[in-house]
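Notes follow once the structure below has been shown.
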Amino acid sequence: MKTIYLLRHGKIARQAEKRFVGQIDVPLDEEGLSQAKWWREELEKAAFGQIYCSDLIRSRETARIIAGEEHIHIMPQLREINLGEWDGLSKTEVRARFPGKWKKRGENLASYRPLGGESFTDLYARVIPVFEQIVRQAEKDAFIVGHAGVNRMILCHVLGVPLANLFRLGQDYASLNT
């Protein structure tokens with residue numbers, strides 16, 4: 001039986017106030033680099049054949065540190081959710097700039113789509129086909145370096161969790177699911 005390793009990328013540099021980071025291309029910070037190096041040592045004897053990551057630098061850096069360059073497959077479909085007009089903003093800024101939209105998101109978490117962005121339903125529709133392709137084609141264990149939203153979509157799919165409950169699934173920086 002194949003094992004799919006599902007890792008969230010390492011920690012990224014953030015401002016004092018947490019901000020929404022979807023498809024903004026932010027690199028790992030020093031702690032994130034250390035996290036990726038730690039996983040490289042921990043997984044040294046793992047027998048995964050291929051490693052998959054998104055085209056965002058935080059995912060690519062984590063994958064490269066863990067596995068080197070030769071077995072990495074960059075898949076844009078594994079990009080984090082597109083947050084549209086919310087990307088880069090804090091929760092406070094979203095509430096101030098878009099009155100009422102935060103509440104609408106809370107009322108329908110799975111289907112709410114910020115202007116110019118994706119809903120979690122959209123993200124699910126983008127991620128799950130490529131995840132299933134990875135599983136089908138894997139001859140050995142496979143390794144995916146994803147993002148919080150991407151990993152939650154995969155976990156919701158595998159565990160049968162409704163998208164409305166996706167935030168009940170933790171995905172800290174550099175967390176591993178198998």
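Naming scheme: A, B, ... for chains in displayed order of the structure tokens; residues 1 onward per chain; ligands 1 onward as shown.
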
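Taking stretch 10-163 of chain A and asking which residues DSSP calls strand (DSSP E) on the backbone, you get Phe48, Gly49, Gln50, Ile51, Tyr52, Cys53, Ile72, His73, Ile74, Asp141, Ala142, Phe143, Ile144, Val145 and Gly146 of chain A.
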
Pick out the residues sitting within 9 Å of A:Ala13, and hand them over as a list of chain:residue names; count only C-alpha atoms, and ignore anything fewer than 4 positions along from it in its own chain.
-> A:Val26, A:Pro27, A:Leu28, A:Asp29, A:Glu30, A:Glu31, A:Gly32

Output the selection as a compact mmCIF listing (two decimals), in the first residue's frame - C-alpha atoms for each residue.
```
# COMPACT_ATOMS: atom_id res chain seq x y z
CA VAL A 26 6.31 34.86 -0.33
CA PRO A 27 9.54 32.97 0.45
CA LEU A 28 10.30 30.99 3.58
CA ASP A 29 11.77 32.89 6.51
CA GLU A 30 14.73 31.59 8.56
CA GLU A 31 12.47 29.43 10.72
CA GLY A 32 10.80 28.01 7.61
```

Can you pull out every residue within 12 Å of A:Arg136, counting only C-alpha atoms, but drop anything in the same chain fewer than 6 positions away, and send it as a CSV table (one decimal) with N, CA and C atoms, in the first residue's frame?
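Output saved as part-v1.csv:
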```csv
chain,number,residue,atom,x,y,z
A,1,MET,N,0.8,-1.2,0.0
A,1,MET,CA,0.0,0.0,0.0
A,1,MET,C,0.9,1.3,0.0
A,2,LYS,N,0.5,2.2,-0.9
A,2,LYS,CA,1.3,3.4,-1.0
A,2,LYS,C,0.9,4.4,0.2
A,3,THR,N,1.9,5.2,0.6
A,3,THR,CA,1.7,6.3,1.5
A,3,THR,C,1.8,7.6,0.8
A,4,ILE,N,0.9,8.5,1.1
A,4,ILE,CA,1.0,9.8,0.5
A,4,ILE,C,1.4,10.8,1.7
A,129,PRO,N,-8.7,16.6,-8.5
A,129,PRO,CA,-8.3,15.8,-9.6
A,129,PRO,C,-6.8,15.6,-9.7
A,130,VAL,N,-6.0,16.6,-9.4
A,130,VAL,CA,-4.5,16.4,-9.5
A,130,VAL,C,-4.1,15.5,-8.4
A,142,ALA,N,4.4,8.8,-2.3
A,142,ALA,CA,4.5,10.1,-3.0
A,142,ALA,C,4.5,11.2,-1.9
```

For the interface of stretch 43-138 of chain A with stretch 145-167 of chain A (cut-off 8 Å, counting only C-alpha atoms), please tabulate each contacting residue of stretch 43-138 of chain A alongside its nearest pair of atoms and their separation in Å to one decimal, rows sorted by chain and increasing number, as a Markdown table.
```
| residue | atom | partner | partner_atom | distance |
| --- | --- | --- | --- | --- |
| A:Ile51 | CA | A:Val145 | CA | 7.5 |
| A:Tyr52 | CA | A:Val145 | CA | 6.2 |
| A:Cys53 | CA | A:Val145 | CA | 4.9 |
| A:Ser54 | CA | A:Gly146 | CA | 6.7 |
| A:Ser59 | CA | A:Val145 | CA | 5.9 |
| A:Arg60 | CA | A:Val145 | CA | 7.9 |
| A:Thr62 | CA | A:Val145 | CA | 7.1 |
| A:Ala63 | CA | A:Val145 | CA | 6.2 |
| A:Leu78 | CA | A:Gly146 | CA | 6.5 |
| A:Arg79 | CA | A:Val150 | CA | 7.3 |
| A:Glu80 | CA | A:His147 | CA | 5.6 |
| A:Ile81 | CA | A:Gly149 | CA | 6.3 |
| A:Asn108 | CA | A:Ala164 | CA | 7.5 |
| A:Leu109 | CA | A:Ala164 | CA | 5.7 |
| A:Ala110 | CA | A:Ala164 | CA | 5.5 |
| A:Phe120 | CA | A:Leu163 | CA | 7.3 |
| A:Thr121 | CA | A:Leu163 | CA | 7.6 |
| A:Leu123 | CA | A:Val150 | CA | 7.3 |
| A:Tyr124 | CA | A:Met153 | CA | 5.5 |
| A:Val127 | CA | A:Val150 | CA | 6.7 |
| A:Ile128 | CA | A:Ile154 | CA | 6.5 |
| A:Phe131 | CA | A:Ile154 | CA | 7.3 |
```

Keeping only N, CA and C atoms, take the residues you just selected and write them out as a PDB file, in the first residue's frame.
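Written out: selection-v6.pdb:
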```pdb
ATOM      1  N   ILE A  51       8.227  13.859  -5.629  1.00  0.00           N
ATOM      2  CA  ILE A  51       7.772  14.931  -4.754  1.00  0.00           C
ATOM      3  C   ILE A  51       7.086  15.981  -5.620  1.00  0.00           C
ATOM      4  N   TYR A  52       5.919  16.402  -5.176  1.00  0.00           N
ATOM      5  CA  TYR A  52       5.096  17.353  -5.921  1.00  0.00           C
ATOM      6  C   TYR A  52       4.954  18.621  -5.092  1.00  0.00           C
ATOM      7  N   CYS A  53       4.951  19.756  -5.777  1.00  0.00           N
ATOM      8  CA  CYS A  53       4.760  21.024  -5.080  1.00  0.00           C
ATOM      9  C   CYS A  53       4.095  22.012  -6.028  1.00  0.00           C
ATOM     10  N   SER A  54       3.648  23.122  -5.467  1.00  0.00           N
ATOM     11  CA  SER A  54       3.075  24.171  -6.310  1.00  0.00           C
ATOM     12  C   SER A  54       4.209  24.989  -6.921  1.00  0.00           C
ATOM     13  N   SER A  59       6.534  26.773  -1.414  1.00  0.00           N
ATOM     14  CA  SER A  59       6.349  25.338  -1.627  1.00  0.00           C
ATOM     15  C   SER A  59       7.569  24.741  -2.338  1.00  0.00           C
ATOM     16  N   ARG A  60       8.062  25.441  -3.355  1.00  0.00           N
ATOM     17  CA  ARG A  60       9.235  24.958  -4.099  1.00  0.00           C
ATOM     18  C   ARG A  60      10.472  24.883  -3.209  1.00  0.00           C
ATOM     19  N   THR A  62      10.653  24.530   0.067  1.00  0.00           N
ATOM     20  CA  THR A  62      10.507  23.428   1.017  1.00  0.00           C
ATOM     21  C   THR A  62      10.801  22.097   0.321  1.00  0.00           C
ATOM     22  N   ALA A  63      10.232  21.890  -0.855  1.00  0.00           N
ATOM     23  CA  ALA A  63      10.449  20.647  -1.606  1.00  0.00           C
ATOM     24  C   ALA A  63      11.916  20.474  -1.987  1.00  0.00           C
ATOM     25  N   LEU A  78      -1.581  22.918  -7.599  1.00  0.00           N
ATOM     26  CA  LEU A  78      -1.413  22.801  -6.151  1.00  0.00           C
ATOM     27  C   LEU A  78      -1.180  24.152  -5.477  1.00  0.00           C
ATOM     28  N   ARG A  79      -1.344  25.241  -6.234  1.00  0.00           N
ATOM     29  CA  ARG A  79      -1.225  26.585  -5.647  1.00  0.00           C
ATOM     30  C   ARG A  79      -2.255  26.788  -4.551  1.00  0.00           C
ATOM     31  N   GLU A  80      -1.916  27.668  -3.620  1.00  0.00           N
ATOM     32  CA  GLU A  80      -2.860  28.030  -2.566  1.00  0.00           C
ATOM     33  C   GLU A  80      -4.080  28.705  -3.184  1.00  0.00           C
ATOM     34  N   ILE A  81      -5.146  28.806  -2.406  1.00  0.00           N
ATOM     35  CA  ILE A  81      -6.379  29.442  -2.861  1.00  0.00           C
ATOM     36  C   ILE A  81      -6.103  30.877  -3.313  1.00  0.00           C
ATOM     37  N   ASN A 108     -21.449  31.148   4.502  1.00  0.00           N
ATOM     38  CA  ASN A 108     -21.307  30.112   3.474  1.00  0.00           C
ATOM     39  C   ASN A 108     -19.827  29.941   3.128  1.00  0.00           C
ATOM     40  N   LEU A 109     -19.093  29.376   4.081  1.00  0.00           N
ATOM     41  CA  LEU A 109     -17.644  29.259   3.964  1.00  0.00           C
ATOM     42  C   LEU A 109     -17.205  28.539   2.692  1.00  0.00           C
ATOM     43  N   ALA A 110     -17.861  27.469   2.334  1.00  0.00           N
ATOM     44  CA  ALA A 110     -17.432  26.667   1.180  1.00  0.00           C
ATOM     45  C   ALA A 110     -17.591  27.406  -0.141  1.00  0.00           C
ATOM     46  N   PHE A 120     -13.689  28.004  -1.624  1.00  0.00           N
ATOM     47  CA  PHE A 120     -13.102  26.712  -1.259  1.00  0.00           C
ATOM     48  C   PHE A 120     -13.647  25.599  -2.149  1.00  0.00           C
ATOM     49  N   THR A 121     -14.874  25.751  -2.628  1.00  0.00           N
ATOM     50  CA  THR A 121     -15.426  24.779  -3.577  1.00  0.00           C
ATOM     51  C   THR A 121     -14.619  24.801  -4.874  1.00  0.00           C
ATOM     52  N   LEU A 123     -11.456  25.746  -5.124  1.00  0.00           N
ATOM     53  CA  LEU A 123     -10.149  25.175  -4.792  1.00  0.00           C
ATOM     54  C   LEU A 123     -10.215  23.650  -4.774  1.00  0.00           C
ATOM     55  N   TYR A 124     -11.255  23.110  -4.172  1.00  0.00           N
ATOM     56  CA  TYR A 124     -11.465  21.661  -4.120  1.00  0.00           C
ATOM     57  C   TYR A 124     -11.512  21.091  -5.542  1.00  0.00           C
ATOM     58  N   VAL A 127      -7.915  21.115  -6.952  1.00  0.00           N
ATOM     59  CA  VAL A 127      -6.896  20.306  -6.287  1.00  0.00           C
ATOM     60  C   VAL A 127      -7.172  18.800  -6.342  1.00  0.00           C
ATOM     61  N   ILE A 128      -8.407  18.398  -6.128  1.00  0.00           N
ATOM     62  CA  ILE A 128      -8.693  16.963  -5.985  1.00  0.00           C
ATOM     63  C   ILE A 128      -8.384  16.160  -7.253  1.00  0.00           C
ATOM     64  N   PHE A 131      -4.667  15.607  -7.189  1.00  0.00           N
ATOM     65  CA  PHE A 131      -4.338  14.690  -6.092  1.00  0.00           C
ATOM     66  C   PHE A 131      -4.641  13.245  -6.499  1.00  0.00           C
TER      67      PHE A 131
END
```

Helix (DSSP H, G or I) call set, DSSP backbone run, stretch 14-113 of chain A, as a count of residues only = 44

Which of A:Arg19, A:His9, A:Lys45, A:Lys91 sits closest to A:Asp172 [using only C-alpha atoms] |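 Among the listed residues, the smallest separation from A:Asp172 belongs to A:His9.
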
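Closest to A:Lys18 among A:Ser111, A:Gln171, A:Thr178, A:Thr92 is A:Thr92, based on only C-alpha atoms.
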
Near-stretch 64-75 of chain A list (10 Å; only C-alpha atoms; drop same-chain fewer than 5 positions) as a compact mmCIF listing (two decimals) with C-alpha atoms, in the first residue's frame:
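Wrote it out as selection.txt, contents follow:
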```txt
# COMPACT_ATOMS: atom_id res chain seq x y z
CA LEU A 33 14.18 27.11 6.13
CA SER A 34 15.10 25.38 9.40
CA GLN A 35 11.80 23.48 9.40
CA ALA A 36 12.44 22.19 5.88
CA LYS A 37 15.98 21.11 6.84
CA TRP A 38 14.60 19.31 9.89
CA TRP A 39 12.14 17.38 7.71
CA ARG A 40 14.95 16.51 5.28
CA GLU A 41 16.81 14.80 8.13
CA GLU A 42 13.68 13.14 9.51
CA LEU A 43 12.64 11.78 6.11
CA GLU A 44 16.11 10.74 4.98
CA PHE A 48 8.99 8.19 -1.67
CA GLY A 49 9.51 8.21 -5.39
CA GLN A 50 8.31 11.61 -6.48
CA ILE A 51 7.77 14.93 -4.75
CA TYR A 52 5.10 17.35 -5.92
CA CYS A 53 4.76 21.02 -5.08
CA SER A 54 3.07 24.17 -6.31
CA ASP A 55 4.85 26.82 -8.34
CA LEU A 56 4.86 29.26 -5.39
CA SER A 59 6.35 25.34 -1.63
CA VAL A 130 -4.54 16.41 -9.50
CA PHE A 143 5.23 13.40 -1.23
CA ILE A 144 3.23 16.61 -1.68
CA VAL A 145 4.41 19.97 -0.36
```

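The closest residue to A:Leu7, picked from A:Leu83, A:Leu176, A:Val21, A:Leu169 and counting only C-alpha atoms, is A:Leu176.
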